[in-house]
Amino acid sequence: MGFGDLKSPAGLQVLNDYLADKSYIEGYVPSQADVAVFEAVSGPPPADLCHALRWYNHIKSYEKEKASLPGVKKALGKYGPADVEDTTGSGATDSKDDDDIDLFGSDDEEESEEAKRLREERLAQYESKKAKKPALVAKSSILLDVKPWDDETDMAKLEECVRSIQADGLVWGSCDSSGIRH
């Protein structure tokens, strides 16, 4: 993957062909990918490479905003068409160095005795706090709004029929004759 040597006419031709149907190196807005490729081009491409020249002039207009463009700048060989050999030399070295990167900053793989003791102590404190807490009982409150058919319906009998429903864990609350729950 890559454009080849962007200082040579062949590399600029690959860039021109790549930009024939694209406005930017990656995506639909100027990004750090455009900045990386722009910095690799020694100057404006010749006029016969119209797509590369259009792109060059457009990215050059972002001169003051280059640092604030979105994305992360990668090695030059990471951009461009997949069928072109990367001759920048930067792509081959990156893959070897990736294994050496330690994101968490620890030099040794083994956990020290002090760190192990501290971790065990904190886990024991957490377990003791967790054991002291009462178990949470999940409850749902359901309001049943029962309306009579007409004004002659016996509401006491209706309430008795509704309360006759039995289910596991179901507890009926109390209410007075006006239907207000207590």
# chains A, B, ... in the order shown; residues from 1 in each chain; ligands from 1
$ residues_around --residues "Tyr24 (chain A)" --least-positions-apart "4" --cutoff "12 Å" --atoms "only C-alpha atoms" --output "CSV table (one decimal) with C-alpha atoms, in the first residue's frame"
chain,number,residue,atom,x,y,z
A,15,LEU,CA,-1.4,10.0,-6.5
A,16,ASN,CA,-3.2,11.6,-9.5
A,18,TYR,CA,-5.8,7.7,-6.8
A,19,LEU,CA,-7.5,11.1,-6.5
A,20,ALA,CA,-9.4,10.8,-9.8
A,28,TYR,CA,-14.8,13.1,3.0
A,29,VAL,CA,-13.1,15.8,4.9
A,30,PRO,CA,-9.4,16.9,5.0
A,31,SER,CA,-7.6,14.9,7.7
A,32,GLN,CA,-4.1,14.1,9.0
A,33,ALA,CA,-3.8,11.6,6.1
A,34,ASP,CA,-3.9,14.5,3.7
A,35,VAL,CA,-1.4,16.4,5.7
A,36,ALA,CA,1.0,13.4,5.8
A,37,VAL,CA,0.8,13.0,2.0
A,38,PHE,CA,1.0,16.7,1.4
A,51,HIS,CA,-6.4,15.7,-9.8
A,52,ALA,CA,-3.2,15.8,-7.8
A,54,ARG,CA,-6.5,20.2,-7.4
A,55,TRP,CA,-6.0,18.2,-4.2
A,56,TYR,CA,-2.6,19.9,-3.5
A,57,ASN,CA,-4.0,23.4,-3.8
A,58,HIS,CA,-7.0,22.5,-1.7
A,59,ILE,CA,-4.9,21.0,1.1
A,79,TYR,CA,-2.1,5.6,2.6
A,80,GLY,CA,-2.9,5.1,-1.0
$ select_by_dssp --residues "region 14-162 of chain A" --states "helix (DSSP H, G or I)" --output "PyMOL selection string"
chain A and resi 14-21+32-40+50-60+63-68+76-78+90-100+113-132+155-162
$ atom_distance --atom1 "CA of Lys7 (chain A)" --atom2 "CA of Ala40 (chain A)"
7.4 Å
$ closest_residue --among "A:Thr153, A:Ser140, A:Gln13, A:Ser112" --to "Pro45 (chain A)" --atoms "only C-alpha atoms"
A:Gln13
$ decode --residues "region 5-19 of chain A" --atoms "all heavy atoms" --output "PDB file, in the first residue's frame"
ATOM      1  N   ASP A   5       7.324   6.830  -4.389  1.00  0.00           N
ATOM      2  CA  ASP A   5       8.079   8.049  -4.110  1.00  0.00           C
ATOM      3  C   ASP A   5       7.308   9.241  -4.676  1.00  0.00           C
ATOM      4  O   ASP A   5       7.211   9.404  -5.891  1.00  0.00           O
ATOM      5  CB  ASP A   5       9.470   7.960  -4.741  1.00  0.00           C
ATOM      6  CG  ASP A   5      10.313   9.186  -4.452  1.00  0.00           C
ATOM      7  OD1 ASP A   5       9.930   9.971  -3.551  1.00  0.00           O
ATOM      8  OD2 ASP A   5      11.354   9.348  -5.112  1.00  0.00           O
ATOM      9  N   LEU A   6       6.770  10.072  -3.794  1.00  0.00           N
ATOM     10  CA  LEU A   6       5.943  11.195  -4.227  1.00  0.00           C
ATOM     11  C   LEU A   6       6.768  12.362  -4.761  1.00  0.00           C
ATOM     12  O   LEU A   6       6.206  13.364  -5.202  1.00  0.00           O
ATOM     13  CB  LEU A   6       5.041  11.669  -3.086  1.00  0.00           C
ATOM     14  CG  LEU A   6       3.888  10.723  -2.776  1.00  0.00           C
ATOM     15  CD1 LEU A   6       3.167  11.136  -1.520  1.00  0.00           C
ATOM     16  CD2 LEU A   6       2.918  10.667  -3.936  1.00  0.00           C
ATOM     17  N   LYS A   7       8.077  12.250  -4.736  1.00  0.00           N
ATOM     18  CA  LYS A   7       8.924  13.282  -5.328  1.00  0.00           C
ATOM     19  C   LYS A   7       9.229  12.958  -6.787  1.00  0.00           C
ATOM     20  O   LYS A   7       9.729  13.787  -7.531  1.00  0.00           O
ATOM     21  CB  LYS A   7      10.201  13.432  -4.514  1.00  0.00           C
ATOM     22  CG  LYS A   7       9.909  13.921  -3.092  1.00  0.00           C
ATOM     23  CD  LYS A   7      11.157  14.174  -2.306  1.00  0.00           C
ATOM     24  CE  LYS A   7      10.974  14.559  -0.878  1.00  0.00           C
ATOM     25  NZ  LYS A   7       9.739  15.012  -0.385  1.00  0.00           N
ATOM     26  N   SER A   8       8.901  11.729  -7.198  1.00  0.00           N
ATOM     27  CA  SER A   8       9.147  11.309  -8.579  1.00  0.00           C
ATOM     28  C   SER A   8       7.876  11.443  -9.411  1.00  0.00           C
ATOM     29  O   SER A   8       6.762  11.424  -8.873  1.00  0.00           O
ATOM     30  CB  SER A   8       9.620   9.849  -8.601  1.00  0.00           C
ATOM     31  OG  SER A   8       8.534   8.997  -8.297  1.00  0.00           O
ATOM     32  N   PRO A   9       8.014  11.577 -10.725  1.00  0.00           N
ATOM     33  CA  PRO A   9       6.826  11.659 -11.594  1.00  0.00           C
ATOM     34  C   PRO A   9       5.944  10.411 -11.502  1.00  0.00           C
ATOM     35  O   PRO A   9       4.715  10.506 -11.582  1.00  0.00           O
ATOM     36  CB  PRO A   9       7.414  11.818 -13.000  1.00  0.00           C
ATOM     37  CG  PRO A   9       8.786  12.359 -12.791  1.00  0.00           C
ATOM     38  CD  PRO A   9       9.240  11.828 -11.470  1.00  0.00           C
ATOM     39  N   ALA A  10       6.539   9.244 -11.311  1.00  0.00           N
ATOM     40  CA  ALA A  10       5.749   8.012 -11.214  1.00  0.00           C
ATOM     41  C   ALA A  10       4.878   8.030  -9.949  1.00  0.00           C
ATOM     42  O   ALA A  10       3.703   7.651  -9.992  1.00  0.00           O
ATOM     43  CB  ALA A  10       6.670   6.796 -11.194  1.00  0.00           C
ATOM     44  N   GLY A  11       5.439   8.474  -8.826  1.00  0.00           N
ATOM     45  CA  GLY A  11       4.665   8.556  -7.586  1.00  0.00           C
ATOM     46  C   GLY A  11       3.544   9.579  -7.687  1.00  0.00           C
ATOM     47  O   GLY A  11       2.426   9.350  -7.209  1.00  0.00           O
ATOM     48  N   LEU A  12       3.825  10.701  -8.321  1.00  0.00           N
ATOM     49  CA  LEU A  12       2.787  11.725  -8.516  1.00  0.00           C
ATOM     50  C   LEU A  12       1.681  11.218  -9.438  1.00  0.00           C
ATOM     51  O   LEU A  12       0.512  11.553  -9.255  1.00  0.00           O
ATOM     52  CB  LEU A  12       3.405  13.013  -9.064  1.00  0.00           C
ATOM     53  CG  LEU A  12       4.272  13.783  -8.075  1.00  0.00           C
ATOM     54  CD1 LEU A  12       4.942  14.963  -8.768  1.00  0.00           C
ATOM     55  CD2 LEU A  12       3.447  14.262  -6.898  1.00  0.00           C
ATOM     56  N   GLN A  13       2.048  10.396 -10.437  1.00  0.00           N
ATOM     57  CA  GLN A  13       1.035   9.817 -11.333  1.00  0.00           C
ATOM     58  C   GLN A  13       0.129   8.865 -10.563  1.00  0.00           C
ATOM     59  O   GLN A  13      -1.088   8.862 -10.759  1.00  0.00           O
ATOM     60  CB  GLN A  13       1.713   9.082 -12.501  1.00  0.00           C
ATOM     61  CG  GLN A  13       0.744   8.508 -13.514  1.00  0.00           C
ATOM     62  CD  GLN A  13      -0.092   9.579 -14.204  1.00  0.00           C
ATOM     63  OE1 GLN A  13       0.434  10.567 -14.696  1.00  0.00           O
ATOM     64  NE2 GLN A  13      -1.406   9.391 -14.228  1.00  0.00           N
ATOM     65  N   VAL A  14       0.702   8.073  -9.663  1.00  0.00           N
ATOM     66  CA  VAL A  14      -0.111   7.172  -8.829  1.00  0.00           C
ATOM     67  C   VAL A  14      -1.051   8.004  -7.949  1.00  0.00           C
ATOM     68  O   VAL A  14      -2.235   7.687  -7.814  1.00  0.00           O
ATOM     69  CB  VAL A  14       0.787   6.252  -7.968  1.00  0.00           C
ATOM     70  CG1 VAL A  14      -0.035   5.459  -6.978  1.00  0.00           C
ATOM     71  CG2 VAL A  14       1.583   5.319  -8.857  1.00  0.00           C
ATOM     72  N   LEU A  15      -0.552   9.087  -7.363  1.00  0.00           N
ATOM     73  CA  LEU A  15      -1.379   9.974  -6.546  1.00  0.00           C
ATOM     74  C   LEU A  15      -2.504  10.573  -7.383  1.00  0.00           C
ATOM     75  O   LEU A  15      -3.657  10.624  -6.952  1.00  0.00           O
ATOM     76  CB  LEU A  15      -0.529  11.085  -5.924  1.00  0.00           C
ATOM     77  CG  LEU A  15      -1.272  12.150  -5.116  1.00  0.00           C
ATOM     78  CD1 LEU A  15      -1.917  11.527  -3.882  1.00  0.00           C
ATOM     79  CD2 LEU A  15      -0.335  13.277  -4.716  1.00  0.00           C
ATOM     80  N   ASN A  16      -2.186  11.023  -8.605  1.00  0.00           N
ATOM     81  CA  ASN A  16      -3.194  11.605  -9.496  1.00  0.00           C
ATOM     82  C   ASN A  16      -4.284  10.585  -9.822  1.00  0.00           C
ATOM     83  O   ASN A  16      -5.472  10.900  -9.779  1.00  0.00           O
ATOM     84  CB  ASN A  16      -2.524  12.103 -10.781  1.00  0.00           C
ATOM     85  CG  ASN A  16      -3.482  12.871 -11.655  1.00  0.00           C
ATOM     86  OD1 ASN A  16      -3.982  13.914 -11.258  1.00  0.00           O
ATOM     87  ND2 ASN A  16      -3.757  12.345 -12.838  1.00  0.00           N
ATOM     88  N   ASP A  17      -3.886   9.358 -10.148  1.00  0.00           N
ATOM     89  CA  ASP A  17      -4.867   8.308 -10.458  1.00  0.00           C
ATOM     90  C   ASP A  17      -5.735   7.989  -9.241  1.00  0.00           C
ATOM     91  O   ASP A  17      -6.932   7.756  -9.361  1.00  0.00           O
ATOM     92  CB  ASP A  17      -4.153   7.045 -10.937  1.00  0.00           C
ATOM     93  CG  ASP A  17      -3.430   7.254 -12.257  1.00  0.00           C
ATOM     94  OD1 ASP A  17      -3.750   8.241 -12.972  1.00  0.00           O
ATOM     95  OD2 ASP A  17      -2.527   6.444 -12.568  1.00  0.00           O
ATOM     96  N   TYR A  18      -5.115   7.991  -8.075  1.00  0.00           N
ATOM     97  CA  TYR A  18      -5.846   7.693  -6.833  1.00  0.00           C
ATOM     98  C   TYR A  18      -6.894   8.774  -6.542  1.00  0.00           C
ATOM     99  O   TYR A  18      -7.989   8.482  -6.093  1.00  0.00           O
ATOM    100  CB  TYR A  18      -4.853   7.587  -5.672  1.00  0.00           C
ATOM    101  CG  TYR A  18      -5.473   7.230  -4.347  1.00  0.00           C
ATOM    102  CD1 TYR A  18      -5.866   5.925  -4.069  1.00  0.00           C
ATOM    103  CD2 TYR A  18      -5.666   8.193  -3.359  1.00  0.00           C
ATOM    104  CE1 TYR A  18      -6.422   5.582  -2.853  1.00  0.00           C
ATOM    105  CE2 TYR A  18      -6.221   7.857  -2.138  1.00  0.00           C
ATOM    106  CZ  TYR A  18      -6.598   6.556  -1.896  1.00  0.00           C
ATOM    107  OH  TYR A  18      -7.164   6.224  -0.696  1.00  0.00           O
ATOM    108  N   LEU A  19      -6.547  10.019  -6.825  1.00  0.00           N
ATOM    109  CA  LEU A  19      -7.455  11.144  -6.534  1.00  0.00           C
ATOM    110  C   LEU A  19      -8.437  11.434  -7.659  1.00  0.00           C
ATOM    111  O   LEU A  19      -9.204  12.389  -7.570  1.00  0.00           O
ATOM    112  CB  LEU A  19      -6.634  12.401  -6.216  1.00  0.00           C
ATOM    113  CG  LEU A  19      -5.841  12.340  -4.916  1.00  0.00           C
ATOM    114  CD1 LEU A  19      -4.863  13.496  -4.830  1.00  0.00           C
ATOM    115  CD2 LEU A  19      -6.788  12.347  -3.721  1.00  0.00           C
TER     116      LEU A  19
END
